[in-house]
Amino acid sequence: MLMKREQLAVYFIAGTPNCKRSIEETLQAAIDGGITMFQFREKGKDALAGSAKKEQAVRLQALCREANIPFIVNDDIELAVEIGADGVHIGQEDEAASSVRGKINGGIVGVSVHTMDEAKKAIADGADYVGTGPIYQTGTKTDTGPVAGTALIKTMRAQNLTIPIVGIGGITIDNAAPVIAAGADGVSVISTISLADDVKQAAVELKAAVEGSN
Ligand code: TZP
Ligand code: MG
């Protein structure tokens, strides 16, 4: 599946530990609310592993397929290849994008970046999009660097980097607009959707916030 930058608009990320209800129910409601891309990020305490993780991935992949949205796997390149995911998202501590690109057979490769040098390297290595953050304070991931705001997004655009960009970290319906205004193509969220009382409505409102600031 080829990626269009519009598909980053409302990029939902979740693993089973991030959800109040079952992850299938959560993802389906998020899809019904209009998310444009999904990343399976099965990490941390109580995360599934081995065949349980794979079976969960396959169930979520089916929901994404049905809705025609890309299904991306965080970090686990082997799993992505095994199940034929639409792509992978890797961090700086993972294998280089250039090597991942060769393994996933035309799939989407996303890379987390925190500096201009990392962004330029990701582009040179053939990344399809970059994610950057934490834009705002987040309670979801504890080992992040300092809160970065939108400065790097603005610098990337000021220096004419045209790669699709998605912001991540502490993004909500109320603070999404400045991320788009800075030059991002979309927002990535975990808790704004995964922990919402009404998951579908949260996705609808986040999408409106992103689209309203285009
Ligand atoms: N990378 C940087 S911040 C973050 C990740 C995975 C967590 C985002 O979670 P939330 O709940 O949207 O702040
Ligand atoms: Mg990683």
# chains A, B, ... in the order shown; residues from 1 in each chain; ligands from 1
call {"tool": "select_by_dssp", "arguments": {"residues": "segment 125-211 of chain A", "states": "helix (DSSP H, G or I)", "output": "VMD selection string"}}
result
chain A and resid 151 to 158 177 to 181 191 to 194 199 to 211
call {"tool": "residues_near_ligand", "arguments": {"ligand": "ligand 2", "cutoff": "8 Å", "atoms": "only C-alpha atoms and all ligand atoms", "output": "PyMOL selection string"}}
result
chain A and resi 74-75+89-94
call {"tool": "atom_distance", "arguments": {"atom1": "atom CA of Lys121 of chain A", "atom2": "atom CA of Ala96 of chain A"}}
result
9.3 Å
call {"tool": "residues_near_ligand", "arguments": {"ligand": "ligand 1", "cutoff": "9 Å", "atoms": "only C-alpha atoms and all ligand atoms", "output": "PyMOL selection string"}}
result
chain A and resi 12-14+18+41+112+131-145+147+167-172+187-195
call {"tool": "write_last_selection", "arguments": {"atoms": "N, CA and C atoms", "output": "compact mmCIF listing (two decimals), in the first residue's frame"}}
result
# COMPACT_ATOMS: atom_id res chain seq x y z
N PHE A 12 -3.96 6.89 14.87
CA PHE A 12 -4.20 6.30 16.19
C PHE A 12 -3.16 5.21 16.45
N ILE A 13 -2.61 5.23 17.65
CA ILE A 13 -1.62 4.23 18.08
C ILE A 13 -2.15 3.57 19.34
N ALA A 14 -2.05 2.25 19.41
CA ALA A 14 -2.45 1.59 20.66
C ALA A 14 -1.91 0.17 20.74
N ASN A 18 -3.01 0.01 26.58
CA ASN A 18 -3.47 1.40 26.50
C ASN A 18 -4.99 1.56 26.52
N ARG A 41 1.13 -0.90 18.76
CA ARG A 41 2.32 -0.65 19.57
C ARG A 41 2.13 -1.40 20.89
N SER A 112 10.84 7.72 14.03
CA SER A 112 10.76 8.77 15.05
C SER A 112 12.04 9.59 15.00
N GLY A 131 7.89 10.85 12.50
CA GLY A 131 7.09 11.24 13.65
C GLY A 131 8.01 12.00 14.59
N THR A 132 7.50 13.05 15.21
CA THR A 132 8.35 13.79 16.14
C THR A 132 7.59 14.22 17.38
N GLY A 133 8.30 14.18 18.51
CA GLY A 133 7.69 14.56 19.78
C GLY A 133 8.61 14.22 20.94
N PRO A 134 8.16 14.27 22.18
CA PRO A 134 6.80 14.64 22.53
C PRO A 134 6.54 16.15 22.34
N ILE A 135 5.48 16.43 21.59
CA ILE A 135 5.11 17.83 21.36
C ILE A 135 4.69 18.45 22.69
N TYR A 136 3.88 17.76 23.43
CA TYR A 136 3.38 18.24 24.73
C TYR A 136 3.71 17.18 25.79
N GLN A 137 3.44 17.53 27.02
CA GLN A 137 3.63 16.58 28.14
C GLN A 137 2.75 15.35 27.93
N THR A 138 3.33 14.19 28.09
CA THR A 138 2.55 12.96 27.98
C THR A 138 2.78 12.05 29.19
N GLY A 139 1.73 11.39 29.61
CA GLY A 139 1.87 10.43 30.70
C GLY A 139 1.97 9.01 30.16
N THR A 140 1.82 8.86 28.85
CA THR A 140 1.71 7.52 28.26
C THR A 140 3.07 6.84 28.09
N LYS A 141 4.06 7.61 27.68
CA LYS A 141 5.41 7.05 27.49
C LYS A 141 6.33 7.77 28.46
N THR A 142 7.01 7.02 29.29
CA THR A 142 7.78 7.66 30.36
C THR A 142 9.24 7.91 29.98
N ASP A 143 9.72 7.19 28.97
CA ASP A 143 11.14 7.35 28.63
C ASP A 143 11.36 8.27 27.43
N THR A 144 10.55 9.30 27.33
CA THR A 144 10.71 10.24 26.21
C THR A 144 11.79 11.27 26.55
N GLY A 145 12.24 11.98 25.54
CA GLY A 145 13.08 13.15 25.76
C GLY A 145 12.21 14.27 26.30
N VAL A 147 9.89 17.66 26.59
CA VAL A 147 8.81 18.20 25.77
C VAL A 147 9.42 19.15 24.73
N GLY A 167 3.00 14.72 14.32
CA GLY A 167 3.42 15.06 15.69
C GLY A 167 2.86 14.03 16.66
N ILE A 168 3.57 13.86 17.79
CA ILE A 168 3.10 12.89 18.79
C ILE A 168 3.41 13.41 20.19
N GLY A 169 2.58 12.97 21.14
CA GLY A 169 2.87 13.24 22.54
C GLY A 169 1.96 14.28 23.15
N GLY A 170 1.01 13.84 23.96
CA GLY A 170 0.15 14.76 24.70
C GLY A 170 -0.85 15.52 23.83
N ILE A 171 -1.07 15.03 22.61
CA ILE A 171 -1.96 15.78 21.70
C ILE A 171 -3.41 15.44 22.02
N THR A 172 -4.22 16.50 22.10
CA THR A 172 -5.64 16.38 22.42
C THR A 172 -6.47 17.14 21.37
N VAL A 187 -1.70 14.25 13.32
CA VAL A 187 -1.37 14.04 14.74
C VAL A 187 -1.49 12.56 15.06
N SER A 188 -0.56 12.11 15.90
CA SER A 188 -0.60 10.74 16.42
C SER A 188 -1.03 10.80 17.85
N VAL A 189 -1.99 9.98 18.22
CA VAL A 189 -2.41 9.97 19.62
C VAL A 189 -2.61 8.55 20.12
N ILE A 190 -2.32 8.39 21.39
CA ILE A 190 -2.72 7.16 22.07
C ILE A 190 -3.92 7.52 22.95
N SER A 191 -3.67 8.15 24.11
CA SER A 191 -4.70 8.25 25.14
C SER A 191 -5.92 9.09 24.77
N THR A 192 -5.74 10.11 23.93
CA THR A 192 -6.91 10.93 23.57
C THR A 192 -8.02 10.05 22.98
N ILE A 193 -7.62 9.02 22.27
CA ILE A 193 -8.62 8.10 21.73
C ILE A 193 -8.77 6.86 22.61
N SER A 194 -7.66 6.23 23.01
CA SER A 194 -7.77 4.92 23.68
C SER A 194 -8.44 4.99 25.04
N LEU A 195 -8.30 6.14 25.71
CA LEU A 195 -8.89 6.26 27.04
C LEU A 195 -10.16 7.12 27.07
call {"tool": "select_by_dssp", "arguments": {"residues": "segment 1-212 of chain A", "states": "strand (DSSP E)", "output": "PyMOL selection string"}}
result
chain A and resi 10-14+37-40+71-74+87-90+108-113+129-132+165-168+186-189
call {"tool": "residues_around", "arguments": {"residues": "Gly50 of chain A", "least_positions_apart": "6", "cutoff": "12 Å", "atoms": "only C-alpha atoms", "output": "MDAnalysis selection string"}}
result
chainID A and resid 42 56:57 76 78:79
call {"tool": "write_last_selection", "arguments": {"atoms": "all heavy atoms", "output": "PDB file, in the first residue's frame"}}
result
ATOM      1  N   GLU A  42       2.509  -2.671  20.867  1.00  0.00           N
ATOM      2  CA  GLU A  42       2.262  -3.560  22.005  1.00  0.00           C
ATOM      3  C   GLU A  42       3.484  -3.526  22.908  1.00  0.00           C
ATOM      4  O   GLU A  42       4.457  -4.246  22.685  1.00  0.00           O
ATOM      5  CB  GLU A  42       1.960  -4.965  21.464  1.00  0.00           C
ATOM      6  CG  GLU A  42       1.480  -5.960  22.482  1.00  0.00           C
ATOM      7  CD  GLU A  42       0.123  -5.613  23.088  1.00  0.00           C
ATOM      8  OE1 GLU A  42      -0.608  -4.776  22.528  1.00  0.00           O
ATOM      9  OE2 GLU A  42      -0.191  -6.168  24.147  1.00  0.00           O
ATOM     10  N   GLN A  56      -3.347 -11.177  18.087  1.00  0.00           N
ATOM     11  CA  GLN A  56      -3.995  -9.870  18.282  1.00  0.00           C
ATOM     12  C   GLN A  56      -3.738  -8.976  17.071  1.00  0.00           C
ATOM     13  O   GLN A  56      -4.649  -8.312  16.573  1.00  0.00           O
ATOM     14  CB  GLN A  56      -3.437  -9.219  19.564  1.00  0.00           C
ATOM     15  CG  GLN A  56      -4.125  -7.934  19.947  1.00  0.00           C
ATOM     16  CD  GLN A  56      -5.588  -8.181  20.228  1.00  0.00           C
ATOM     17  OE1 GLN A  56      -6.445  -8.042  19.339  1.00  0.00           O
ATOM     18  NE2 GLN A  56      -5.914  -8.548  21.443  1.00  0.00           N
ATOM     19  N   ALA A  57      -2.497  -8.988  16.606  1.00  0.00           N
ATOM     20  CA  ALA A  57      -2.140  -8.164  15.444  1.00  0.00           C
ATOM     21  C   ALA A  57      -2.984  -8.536  14.237  1.00  0.00           C
ATOM     22  O   ALA A  57      -3.499  -7.655  13.530  1.00  0.00           O
ATOM     23  CB  ALA A  57      -0.653  -8.332  15.131  1.00  0.00           C
ATOM     24  N   ASP A  76       8.470  -4.156  15.670  1.00  0.00           N
ATOM     25  CA  ASP A  76       8.608  -5.596  15.460  1.00  0.00           C
ATOM     26  C   ASP A  76       8.553  -5.931  13.958  1.00  0.00           C
ATOM     27  O   ASP A  76       7.502  -6.301  13.418  1.00  0.00           O
ATOM     28  CB  ASP A  76       7.477  -6.305  16.233  1.00  0.00           C
ATOM     29  CG  ASP A  76       7.703  -7.795  16.370  1.00  0.00           C
ATOM     30  OD1 ASP A  76       8.477  -8.355  15.578  1.00  0.00           O
ATOM     31  OD2 ASP A  76       7.085  -8.388  17.284  1.00  0.00           O
ATOM     32  N   GLU A  78       9.932  -8.292  12.297  1.00  0.00           N
ATOM     33  CA  GLU A  78       9.662  -9.708  12.014  1.00  0.00           C
ATOM     34  C   GLU A  78       8.151  -9.986  11.960  1.00  0.00           C
ATOM     35  O   GLU A  78       7.653 -10.646  11.044  1.00  0.00           O
ATOM     36  CB  GLU A  78      10.283 -10.527  13.139  1.00  0.00           C
ATOM     37  CG  GLU A  78      10.743 -11.904  12.756  1.00  0.00           C
ATOM     38  CD  GLU A  78      11.497 -12.530  13.923  1.00  0.00           C
ATOM     39  OE1 GLU A  78      12.560 -11.987  14.295  1.00  0.00           O
ATOM     40  OE2 GLU A  78      11.000 -13.522  14.481  1.00  0.00           O
ATOM     41  N   LEU A  79       7.427  -9.456  12.943  1.00  0.00           N
ATOM     42  CA  LEU A  79       5.973  -9.638  12.972  1.00  0.00           C
ATOM     43  C   LEU A  79       5.337  -8.972  11.744  1.00  0.00           C
ATOM     44  O   LEU A  79       4.452  -9.553  11.096  1.00  0.00           O
ATOM     45  CB  LEU A  79       5.377  -9.038  14.265  1.00  0.00           C
ATOM     46  CG  LEU A  79       3.846  -9.013  14.339  1.00  0.00           C
ATOM     47  CD1 LEU A  79       3.272 -10.426  14.394  1.00  0.00           C
ATOM     48  CD2 LEU A  79       3.375  -8.210  15.555  1.00  0.00           C
TER      49      LEU A  79
END
call {"tool": "closest_residue", "arguments": {"among": "A:Asp32, A:Glu82, A:Glu211, A:Asp198", "to": "Ser51 of chain A", "atoms": "only C-alpha atoms"}}
result
A:Glu82
call {"tool": "closest_residue", "arguments": {"among": "A:Val88, A:Ala209, A:Gly186, A:Asn160", "to": "Val100 of chain A", "atoms": "only C-alpha atoms"}}
result
A:Val88
call {"tool": "residues_around", "arguments": {"residues": "Glu205 of chain A", "least_positions_apart": "4", "cutoff": "12 Å", "atoms": "only C-alpha atoms", "output": "list of chain:residue names"}}
result
A:Val10, A:Ala30, A:Gly33, A:Gly34, A:Ile35, A:Thr172, A:Ile173, A:Asp174, A:Asn175, A:Ala176, A:Ala177, A:Thr192, A:Ile193, A:Ala196, A:Asp198, A:Val199, A:Lys200, A:Gln201, A:Ala209, A:Val210, A:Glu211, A:Gly212
call {"tool": "write_last_selection", "arguments": {"atoms": "N, CA and C atoms", "output": "compact mmCIF listing (two decimals), in the first residue's frame"}}
result
# COMPACT_ATOMS: atom_id res chain seq x y z
N VAL A 10 -5.16 11.62 11.18
CA VAL A 10 -5.54 11.18 12.54
C VAL A 10 -5.01 9.75 12.70
N ALA A 30 -12.74 3.71 16.92
CA ALA A 30 -11.86 4.76 16.38
C ALA A 30 -11.99 4.82 14.86
N GLY A 33 -15.06 6.46 13.90
CA GLY A 33 -14.94 7.91 14.09
C GLY A 33 -14.07 8.59 13.05
N GLY A 34 -13.39 7.81 12.22
CA GLY A 34 -12.68 8.41 11.09
C GLY A 34 -11.16 8.46 11.17
N ILE A 35 -10.54 7.64 12.03
CA ILE A 35 -9.07 7.64 12.03
C ILE A 35 -8.57 7.27 10.63
N THR A 172 -4.22 16.50 22.10
CA THR A 172 -5.64 16.38 22.42
C THR A 172 -6.47 17.14 21.37
N ILE A 173 -7.77 17.07 21.52
CA ILE A 173 -8.66 17.80 20.61
C ILE A 173 -8.38 19.31 20.73
N ASP A 174 -8.05 19.76 21.93
CA ASP A 174 -7.85 21.19 22.16
C ASP A 174 -6.49 21.73 21.73
N ASN A 175 -5.49 20.87 21.65
CA ASN A 175 -4.16 21.40 21.31
C ASN A 175 -3.60 20.85 20.00
N ALA A 176 -4.46 20.22 19.20
CA ALA A 176 -4.00 19.63 17.93
C ALA A 176 -3.71 20.70 16.87
N ALA A 177 -4.49 21.75 16.85
CA ALA A 177 -4.40 22.74 15.77
C ALA A 177 -2.99 23.32 15.59
N THR A 192 -5.74 10.11 23.93
CA THR A 192 -6.91 10.93 23.57
C THR A 192 -8.02 10.05 22.98
N ILE A 193 -7.62 9.02 22.27
CA ILE A 193 -8.62 8.10 21.73
C ILE A 193 -8.77 6.86 22.61
N ALA A 196 -10.63 7.52 25.90
CA ALA A 196 -11.84 8.36 25.86
C ALA A 196 -13.05 7.58 26.35
N ASP A 198 -15.99 8.08 25.16
CA ASP A 198 -16.64 7.77 23.88
C ASP A 198 -15.55 7.82 22.80
N VAL A 199 -15.04 6.65 22.47
CA VAL A 199 -13.89 6.55 21.56
C VAL A 199 -14.22 7.12 20.18
N LYS A 200 -15.37 6.74 19.66
CA LYS A 200 -15.76 7.21 18.32
C LYS A 200 -15.84 8.74 18.27
N GLN A 201 -16.50 9.29 19.29
CA GLN A 201 -16.67 10.74 19.35
C GLN A 201 -15.32 11.45 19.46
N ALA A 209 -10.73 18.80 14.52
CA ALA A 209 -9.71 19.76 14.97
C ALA A 209 -8.56 19.82 13.96
N VAL A 210 -8.18 18.67 13.42
CA VAL A 210 -7.09 18.63 12.43
C VAL A 210 -7.55 19.28 11.13
N GLU A 211 -8.72 18.93 10.68
CA GLU A 211 -9.21 19.46 9.40
C GLU A 211 -9.52 20.95 9.49
N GLY A 212 -9.99 21.35 10.65
CA GLY A 212 -10.33 22.76 10.85
C GLY A 212 -9.12 23.66 10.82
call {"tool": "closest_residue", "arguments": {"among": "A:Arg101, A:Arg59, A:Lys54, A:Arg157", "to": "Ser22 of chain A", "atoms": "only C-alpha atoms"}}
result
A:Arg59
call {"tool": "residues_around", "arguments": {"residues": "Gly183 of chain A", "least_positions_apart": "4", "cutoff": "7 Å", "atoms": "only C-alpha atoms", "output": "list in words"}}
result
Ile153, Lys154, Arg157 and Val179 of chain A
call {"tool": "closest_residue", "arguments": {"among": "A:Met116, A:Ile123, A:Ala208, A:Ala85", "to": "Ile163 of chain A", "atoms": "only C-alpha atoms"}}
result
A:Ile123
call {"tool": "residues_around", "arguments": {"residues": "Glu6 of chain A", "least_positions_apart": "5", "cutoff": "9 Å", "atoms": "only C-alpha atoms", "output": "PyMOL selection string"}}
result
chain A and resi 36+164+185-186
call {"tool": "atom_distance", "arguments": {"atom1": "atom CA of Ile72 of chain A", "atom2": "atom CA of Leu2 of chain A"}}
result
12.5 Å
call {"tool": "closest_residue", "arguments": {"among": "A:Pro178, A:Lys207, A:Ala202, A:Ala49", "to": "Met37 of chain A", "atoms": "only C-alpha atoms"}}
result
A:Lys207
call {"tool": "atom_distance", "arguments": {"atom1": "atom CA of Ser99 of chain A", "atom2": "atom CA of Ala62 of chain A"}}
result
26.9 Å
call {"tool": "residues_around", "arguments": {"residues": "Val58 of chain A", "least_positions_apart": "6", "cutoff": "10 Å", "atoms": "only C-alpha atoms", "output": "PyMOL selection string"}}
result
chain A and resi 52+64+71+79+83-85
call {"tool": "write_last_selection", "arguments": {"atoms": "N, CA and C atoms", "output": "compact mmCIF listing (two decimals), in the first residue's frame"}}
result
# COMPACT_ATOMS: atom_id res chain seq x y z
N ALA A 52 0.34 -14.81 21.15
CA ALA A 52 -0.81 -13.98 21.56
C ALA A 52 -0.72 -12.60 20.90
N CYS A 64 -8.52 -3.03 10.07
CA CYS A 64 -7.96 -1.94 9.26
C CYS A 64 -8.17 -2.21 7.77
N PHE A 71 -2.28 -0.45 8.30
CA PHE A 71 -1.99 -1.13 9.58
C PHE A 71 -0.47 -1.19 9.72
N LEU A 79 7.43 -9.46 12.94
CA LEU A 79 5.97 -9.64 12.97
C LEU A 79 5.34 -8.97 11.74
N ILE A 83 3.08 -11.18 9.01
CA ILE A 83 1.63 -11.05 8.78
C ILE A 83 1.31 -10.17 7.56
N GLY A 84 2.35 -9.61 6.94
CA GLY A 84 2.12 -8.75 5.78
C GLY A 84 1.46 -7.44 6.14
N ALA A 85 2.00 -6.80 7.19
CA ALA A 85 1.48 -5.48 7.61
C ALA A 85 1.76 -4.46 6.51
call {"tool": "decode", "arguments": {"residues": "segment 177-188 of chain A", "atoms": "all heavy atoms", "output": "mmCIF file, in the first residue's frame"}}
result
data_model
loop_
_atom_site.group_PDB
_atom_site.id
_atom_site.type_symbol
_atom_site.label_atom_id
_atom_site.label_comp_id
_atom_site.auth_asym_id
_atom_site.auth_seq_id
_atom_site.Cartn_x
_atom_site.Cartn_y
_atom_site.Cartn_z
ATOM 1 N N ALA A 177 -4.487 21.751 16.854
ATOM 2 C CA ALA A 177 -4.399 22.744 15.770
ATOM 3 C C ALA A 177 -2.986 23.323 15.595
ATOM 4 O O ALA A 177 -2.503 23.423 14.457
ATOM 5 C CB ALA A 177 -5.423 23.854 15.985
ATOM 6 N N PRO A 178 -2.288 23.707 16.681
ATOM 7 C CA PRO A 178 -0.948 24.281 16.476
ATOM 8 C C PRO A 178 0.053 23.304 15.859
ATOM 9 O O PRO A 178 1.031 23.737 15.234
ATOM 10 C CB PRO A 178 -0.498 24.653 17.904
ATOM 11 C CG PRO A 178 -1.746 24.721 18.710
ATOM 12 C CD PRO A 178 -2.704 23.768 18.088
ATOM 13 N N VAL A 179 -0.180 22.013 16.021
ATOM 14 C CA VAL A 179 0.727 21.007 15.449
ATOM 15 C C VAL A 179 0.595 21.038 13.920
ATOM 16 O O VAL A 179 1.586 21.012 13.185
ATOM 17 C CB VAL A 179 0.406 19.595 16.004
ATOM 18 C CG1 VAL A 179 1.402 18.567 15.484
ATOM 19 C CG2 VAL A 179 0.378 19.599 17.531
ATOM 20 N N ILE A 180 -0.637 21.133 13.457
ATOM 21 C CA ILE A 180 -0.902 21.222 12.019
ATOM 22 C C ILE A 180 -0.424 22.570 11.485
ATOM 23 O O ILE A 180 0.224 22.643 10.432
ATOM 24 C CB ILE A 180 -2.418 21.036 11.725
ATOM 25 C CG1 ILE A 180 -2.927 19.706 12.309
ATOM 26 C CG2 ILE A 180 -2.691 21.121 10.221
ATOM 27 C CD1 ILE A 180 -2.249 18.461 11.782
ATOM 28 N N ALA A 181 -0.694 23.618 12.238
ATOM 29 C CA ALA A 181 -0.276 24.961 11.809
ATOM 30 C C ALA A 181 1.248 25.043 11.668
ATOM 31 O O ALA A 181 1.764 25.764 10.819
ATOM 32 C CB ALA A 181 -0.774 26.009 12.802
ATOM 33 N N ALA A 182 1.969 24.278 12.471
ATOM 34 C CA ALA A 182 3.440 24.283 12.412
ATOM 35 C C ALA A 182 3.957 23.594 11.154
ATOM 36 O O ALA A 182 5.118 23.755 10.785
ATOM 37 C CB ALA A 182 4.011 23.594 13.656
ATOM 38 N N GLY A 183 3.078 22.813 10.510
ATOM 39 C CA GLY A 183 3.498 22.166 9.266
ATOM 40 C C GLY A 183 3.346 20.653 9.251
ATOM 41 O O GLY A 183 3.699 20.005 8.266
ATOM 42 N N ALA A 184 2.826 20.083 10.341
ATOM 43 C CA ALA A 184 2.621 18.628 10.354
ATOM 44 C C ALA A 184 1.426 18.265 9.470
ATOM 45 O O ALA A 184 0.501 19.063 9.299
ATOM 46 C CB ALA A 184 2.380 18.129 11.775
ATOM 47 N N ASP A 185 1.452 17.057 8.930
ATOM 48 C CA ASP A 185 0.334 16.563 8.125
ATOM 49 C C ASP A 185 -0.729 15.917 8.984
ATOM 50 O O ASP A 185 -1.832 15.656 8.522
ATOM 51 C CB ASP A 185 0.865 15.543 7.115
ATOM 52 C CG ASP A 185 1.837 16.194 6.160
ATOM 53 O OD1 ASP A 185 1.370 16.912 5.269
ATOM 54 O OD2 ASP A 185 3.057 16.039 6.350
ATOM 55 N N GLY A 186 -0.360 15.606 10.218
ATOM 56 C CA GLY A 186 -1.329 14.959 11.086
ATOM 57 C C GLY A 186 -0.848 14.858 12.509
ATOM 58 O O GLY A 186 0.247 15.315 12.849
ATOM 59 N N VAL A 187 -1.698 14.255 13.324
ATOM 60 C CA VAL A 187 -1.374 14.043 14.737
ATOM 61 C C VAL A 187 -1.489 12.558 15.064
ATOM 62 O O VAL A 187 -2.381 11.866 14.576
ATOM 63 C CB VAL A 187 -2.294 14.870 15.670
ATOM 64 C CG1 VAL A 187 -2.075 16.362 15.447
ATOM 65 C CG2 VAL A 187 -3.766 14.517 15.511
ATOM 66 N N SER A 188 -0.556 12.111 15.896
ATOM 67 C CA SER A 188 -0.598 10.743 16.416
ATOM 68 C C SER A 188 -1.033 10.800 17.853
ATOM 69 O O SER A 188 -0.457 11.580 18.624
ATOM 70 C CB SER A 188 0.817 10.163 16.465
ATOM 71 O OG SER A 188 1.123 9.489 15.334
#
